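K.L.:
Questions regarding the structure given below will be posed in turn.
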Amino acid sequence: MQSEALNFKNAAKGAIADPNLRQALSNLETGFVAARSRAAAGLDEFEAMRDAAVDLKNHILANLDFYLARFGERVVAQGGTVHFCATAEEARQTILGLCKDYGAKTVTKGKSMVAEEIALNPFLEANGVEPIETDLGEYIIQLAEEPPSHIIGPAVHKTKDQVSDLFHEHHGKYGKTERLTEPEDLVNEAREILRQKYFDADVGITGANFLIAETGSTIIVTNEGNGDLTQMLTPAHVVISSIDKVVPTLEDVSTILRVLARSATGQEMSAYTTLSTGPKRDGDLDGPGGFHVVLLDNGRSDLLGTKKQEMLRCIRCGACMNHCPVYLAVGGHTYGWVYPGPIGAALDPHFLGIEDAHHLPNASTFCGRCQEVCPMRIPLPSIMRHWREEAFEKKISAKSERYGVKTWAFFARRPRLYRFATRIAMRLMGRAGSVCGGRFESLPLASGWTRGRDMPAPEGRTFMDRWAAGER
């Protein structure tokens, strides 16, 4: 996927003005957010489980080489093959080579953000292999020729009417000429069309939520069952995963699974938690003839031992973006690359370079909701702050922005001068506001705020003065 992160500001303006996007994103707060709140409140030990999951992930990252080696040994012992890939290009070439080995003309795919990260679909298409997305959300955006806008809800930016239009446009070649409007009917039509695709595919490609070092198993967590059909009905199953998904034992992964489902969709457990361990054995009624795991580094090992290592605890639940006021205002495509929302603002600069992604860490109010709901307690605001500091030091941000920060820092290092200046500013703005009806329609240096709303004029004394006077 080609990065458009540099275009964040212009893309955000367009997104805010899109009524269909506004309607679609409003469903997140009434859906995922409310469901997550109920699920967390319904489990007394939820916070303790989060702490246990964080401790487990920290242990894994401190011993990542050991667990990856153990996982690889167990996969081979079960009859599979592991392909370690340092870069996205190496991973693409490896998967293409496997497709050629099996004579693949078409491949079915389960949802995988790592596959998006390496731009797998366009690469396969360019080399004569047709990828068919089988997750309903991914299928919808494949028809629309768009990237996913959310980690767990790829088509969350689409309204029902837009999906209906897409199906009506693309399903005519299958003899489906009626424009359907009911969600159940739309789902059934997609299911009917995809059913034969599973049987016809030469290779099945899935992602992996977890890799189990103890058994050499991979795990996918879904609510549709498409991943099971993708990996069981084809001659070969290819798993694409990043190296940070490894977990020591099945018992360990059960802890993370319980916080994952509750944080992502508000379920106690997802409908399908599927373990894959090697290829089909003698006597098995179904399963793939070949089992391959493609493990991607792509710069992740460079994060180990740094201030940003905690990003590798992410389990791709999407809770941070569901609760982020910025994401809920502009959607996922605005971020311009694979990972949107707060996790994208923290992670994308590492993959793309801060020069190309310096707008993203600034796309945050630092309200802290992302860290508050993250099941792995990733300090996303702190990581975004590190990126802001790096952009400032490299003089990447605009001059006006840097001068503004320097001016604020000058006063912040001189508390008395800061308090004096804010008193003067409060009085002047208060008097000016009284002439403007108590609100400013526009203000210098605050156009980003006043473009969409008025700024209330300050009243009374400054916060510091009221605090010093004992007002609480």
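Naming works like this for the structure tokens: A, B, ... for the chains as they're shown, residue 1 at the start of each chain, ligands 1 onward in shown order.
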Excluding Met311 (chain A) and any residue of its chain fewer than 2 positions from it, enumerate the residues within 8 Å of it, using only C-alpha atoms, and give them as a PyMOL selection string.
P.N.:
chain A and resi 308-309+313-314+343+346-347+378+380
K.L.:
Using only C-alpha atoms, determine which residues lie at most 9 Å from region 223-225 of chain A, disregarding the query and same-chain residues fewer than 6 positions distant; provide the list as a list in words.
P.N.:
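Near neighbours after the sequence-gap exclusion: Asp135, Leu136, Ser270, Ala271, Tyr272, Thr273 and Thr274 of chain A.
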K.L.:
Near Glu138 (chain A), within 10 Å and counting only C-alpha atoms, which residues show up once chain neighbours fewer than 3 positions away are dropped, as an mmCIF file with N, CA and C atoms, in the first residue's frame?
P.N.:
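Below is the file result_24.cif, written as the result:
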```
data_model
loop_
_atom_site.group_PDB
_atom_site.id
_atom_site.type_symbol
_atom_site.label_atom_id
_atom_site.label_comp_id
_atom_site.auth_asym_id
_atom_site.auth_seq_id
_atom_site.Cartn_x
_atom_site.Cartn_y
_atom_site.Cartn_z
ATOM 1 N N LYS A 109 -8.173 -15.647 0.678
ATOM 2 C CA LYS A 109 -7.439 -14.968 1.744
ATOM 3 C C LYS A 109 -8.364 -14.661 2.916
ATOM 4 N N GLY A 110 -7.854 -14.911 4.109
ATOM 5 C CA GLY A 110 -8.484 -14.410 5.306
ATOM 6 C C GLY A 110 -7.936 -13.019 5.605
ATOM 7 N N LYS A 111 -8.585 -12.314 6.504
ATOM 8 C CA LYS A 111 -8.161 -10.948 6.823
ATOM 9 C C LYS A 111 -6.779 -10.954 7.457
ATOM 10 N N SER A 112 -5.898 -10.096 6.982
ATOM 11 C CA SER A 112 -4.533 -10.017 7.515
ATOM 12 C C SER A 112 -3.998 -8.609 7.336
ATOM 13 N N ILE A 132 -8.565 -13.579 -3.556
ATOM 14 C CA ILE A 132 -9.990 -13.389 -3.285
ATOM 15 C C ILE A 132 -10.169 -13.235 -1.776
ATOM 16 N N GLU A 133 -10.566 -12.061 -1.353
ATOM 17 C CA GLU A 133 -10.789 -11.814 0.070
ATOM 18 C C GLU A 133 -12.083 -12.500 0.509
ATOM 19 N N THR A 134 -12.027 -13.196 1.634
ATOM 20 C CA THR A 134 -13.194 -13.956 2.088
ATOM 21 C C THR A 134 -13.844 -13.389 3.342
ATOM 22 N N ASP A 135 -13.132 -12.577 4.099
ATOM 23 C CA ASP A 135 -13.771 -11.840 5.192
ATOM 24 C C ASP A 135 -14.752 -10.856 4.564
ATOM 25 N N ILE A 141 -14.409 -4.126 0.599
ATOM 26 C CA ILE A 141 -13.444 -3.100 0.180
ATOM 27 C C ILE A 141 -12.619 -3.565 -1.021
ATOM 28 N N GLN A 142 -12.507 -4.878 -1.224
ATOM 29 C CA GLN A 142 -11.846 -5.340 -2.442
ATOM 30 C C GLN A 142 -12.688 -4.974 -3.665
ATOM 31 N N LEU A 143 -13.997 -5.135 -3.554
ATOM 32 C CA LEU A 143 -14.876 -4.709 -4.639
ATOM 33 C C LEU A 143 -14.764 -3.206 -4.869
ATOM 34 N N ALA A 144 -14.614 -2.446 -3.786
ATOM 35 C CA ALA A 144 -14.531 -0.986 -3.886
ATOM 36 C C ALA A 144 -13.131 -0.512 -4.259
ATOM 37 N N GLU A 146 -10.478 -0.373 -2.331
ATOM 38 C CA GLU A 146 -10.022 0.498 -1.249
ATOM 39 C C GLU A 146 -9.260 -0.326 -0.218
ATOM 40 N N PRO A 147 -8.372 0.316 0.546
ATOM 41 C CA PRO A 147 -7.730 -0.365 1.663
ATOM 42 C C PRO A 147 -8.664 -0.406 2.864
ATOM 43 N N PRO A 148 -8.388 -1.244 3.860
ATOM 44 C CA PRO A 148 -9.229 -1.258 5.065
ATOM 45 C C PRO A 148 -9.118 0.058 5.822
ATOM 46 N N ILE A 152 -10.250 -4.200 12.734
ATOM 47 C CA ILE A 152 -11.164 -5.347 12.819
ATOM 48 C C ILE A 152 -12.435 -5.159 12.003
ATOM 49 N N GLY A 153 -12.706 -3.947 11.562
ATOM 50 C CA GLY A 153 -13.871 -3.675 10.716
ATOM 51 C C GLY A 153 -13.428 -2.969 9.454
ATOM 52 N N PRO A 154 -12.880 -3.707 8.489
ATOM 53 C CA PRO A 154 -12.274 -3.068 7.309
ATOM 54 C C PRO A 154 -13.208 -2.141 6.556
ATOM 55 N N ALA A 155 -14.519 -2.465 6.556
ATOM 56 C CA ALA A 155 -15.486 -1.674 5.788
ATOM 57 C C ALA A 155 -16.385 -0.851 6.701
#
```
K.L.:
Once you count only C-alpha atoms, what closest atom pair and distance in Å to one decimal does each residue of region 247-334 of chain A within 10 Å of region 10-24 of chain A have, with rows by chain and rising residue number, as a tab-separated table?
P.N.:
```
residue	atom	partner	partner_atom	distance
A:Val326	CA	A:Ala12	CA	9.5
A:Tyr327	CA	A:Ala12	CA	9.8
A:Leu328	CA	A:Arg22	CA	8.4
A:Ala329	CA	A:Ile16	CA	6.3
A:Val330	CA	A:Ala15	CA	5.1
A:Gly331	CA	A:Ala15	CA	7.2
A:Gly332	CA	A:Ala15	CA	9.6
A:His333	CA	A:Ala11	CA	8.2
A:Thr334	CA	A:Ala11	CA	5.2
```
K.L.:
Can you work out the spacing between CA of Asp228 (chain A) and CA of Arg262 (chain A) in Å, to one decimal?
P.N.:
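Going from CA of Asp228 (chain A) over to CA of Arg262 (chain A), I get 21.9 Å.
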K.L.:
Residues near Ile256 (chain A), anyone? I mean within 10 Å using only C-alpha atoms, not counting same-chain ones fewer than 2 positions away, as a ChimeraX atom specification.
P.N.:
/A:49-50,52-54,56-57,210,247,251-254,258-261,315,375-376
